[in-house]
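Novice: Handing you this structure, nothing more for now.
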Amino acid sequence: MAYVVTVANRTSLAAAGLEAQERYGIGAGTLSSFAVLQFLVYAALQVPVGVLIDRWGPRRLVVLGAAAMGAGQLVLALSTQTWQAVLARVLVGAGDAATFTSVLRVVTNWFPPHRVPVMTQLVGLFGQLGQVFSFVPLVALLHGPGWAPAYAGTAAFTVLAAVLAVLVLRDVPPGAPNPRSARTARQVAADLRESLRQPGTRLGLWSHWATPFAGNAFATLWGYPFLVSGQGLSTGTAGALLTLYTVTAAGTGPLMGALVARHPLRRSWIVLSVVGAQAAVWALVLALPGPAPLPLLALLVVVIATGVPGSMIGFDYARTSNPAHRLGGATGLTNVMGFAATVVLVLVVGVVLDLQGAGSPGTYSLDAFRVAFAVQFPLWAVGVAGILVSRRRTRELMARQGVVVPRMREALRRDLAARRARQHQGAGPAD
């Protein structure tokens with residue numbers, strides 16, 4: 001419930017981008033700065049939040065996060081000036097930062113390790129219901145009662161989550177030891193350095209960089225204008241495609257969680273497959289001379305939606321590469337990367353649209369969106385390079401520790417078969 005509310009708050013400006021530009025009289029660059037500031041606050045607070053979870057436990061952070069988001073949405077409901085909207089998104093970003101990592105810690109505390117990957121994906125699945133809230137009832141309220149009732153209702157929904165967390169949520173199962181620990185600033189810094197020294201942690205960081213930013217930017221801000229003003233779709237069709245995004249992100253989560261649980265040594269290949277599919281479909285959509293056919297846009301939405309559950313694999317790397325007392329900080333570091341890439345993409349798309357003279361709803365064009373969305377490809381290239389380097393170093397560390405990865409296992413099998421063949425021929429022992 002807490003994460004559903006968090007995603008609803010995070011994406012609550014996505015389908016209201018055109019209304020926000022008209023309400024505040026702003027261009028695309030300023031609109032993108034709303035989301036950028038929200039994500040910057042989110043990213044900047046990830047490590048401090050991870051440390052506070054280790055010290056205070058996740059329940060307190062969930063309550064504080066919901067309270068901050070509720071205050072932010074109330075400010076947005078009453079705002080009439082740009083600076084007030086900026087303050088509102090800062091509060092939403094801060095509350096968002098406190099919630100997601102806390103919910104992941106609740107999962108780790110309550111479930112055995114072999115069930116954590118699937119449960120983590122189920123958290124992501126239910127979280128997508130928050131996007132449905134943003135794309136359906138919130139849009140209906142915006143087009144009906146108006147701006148203030150829509151965001152005041154979101155604030156009330158968020159405060160309800162805070163109250164429920166106080167009444168129901170617990171850090172650990174009854175009778176289980178609470179892993180909270182009060183560590184000094186020097187110890188925290190040492191833990192973070194040690195986490196970053198682990199190549200498995202770095203593999204998680206780059207996995208989380210490469211997978212979610214395309215979907216995040218599309219769902220939180222630029223997808224709706226691209227579909228309506230760029231591709232010429234009706235608002236109803238655009239809303240249906242964004243709902244398809246949400247359903248796909250939710251539906252593929254358990255499947256990806258099961259794959260990770262069954263094939264933990266193949267996680268990087270799942271990540272690379274997600275990234276490759278996103279880049280290929282975006283390249284096809286941007287290369288077409290005119291608007292893309294609706295089935296292709298539906299395929300685009302489905303493929304980029306897989307980045308949401310794909311990004312959860314980064315947290316699984318952090319979990320399996322660090323002991324419990326370092327897990328909060330390592331999870332926070334991992335979460336920073338995906339939202340850092342999202343910040344870059346959201347900001348650059350708005351700036352590139354403005355530079356082309358297409359920074360307002362009346363001047364948006366498909367050609368301008370083509371140029372703006374092309375900035376995704378360098379971000380994917382950086383992420384894939386980081387994954388490949390970190391994966392090689394992770395495998396080297398695993399080999400030194402005596403863990404055999406699948407490719408090494410096949411090589412050993414071939415070597416053993418060759419040795420047995422030589423022994424059968426009298427060429428030497430098959431030791």
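By convention here, the chains of the structure tokens are called A, B, ... in the order presented, each chain's residues are numbered starting at 1, and ligands are numbered starting at 1 in the order presented.
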May I have the residues within 10 Å of Gln121 (chain A) as a PyMOL selection string, using only C-alpha atoms and disregarding those fewer than 6 positions away in the same chain?
Specialist: chain A and resi 127+249-258+308-313
Novice: Region 205-221 of chain A: which residues within 8 Å, counting only C-alpha atoms, same-chain residues fewer than 3 positions away excluded, as a PyMOL selection string?
Specialist: chain A and resi 10-15+17+32+35+201-202+224-225+242+245+268+271+274-275+278+304-305+307-308+310-315+333-335+337-342+345-346+376+379-380+382-384+386-387
Novice: As an exercise, work out the distance from CA of Ala66 (chain A) to CA of Ala176 (chain A) in Å and give it to one decimal place.
Specialist: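 According to the coordinates, CA of Ala66 (chain A) and CA of Ala176 (chain A) are separated by 25.9 Å.
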Novice: Taking only region 143-317 of chain A into account, list the residues labelled alpha helix (DSSP H) by DSSP (computed from the backbone), as an MDAnalysis selection string.
Specialist: chainID A and resid 143 147:168 185:197 199:210 213:217 223:225 235:262 267:287 294:305 307:317
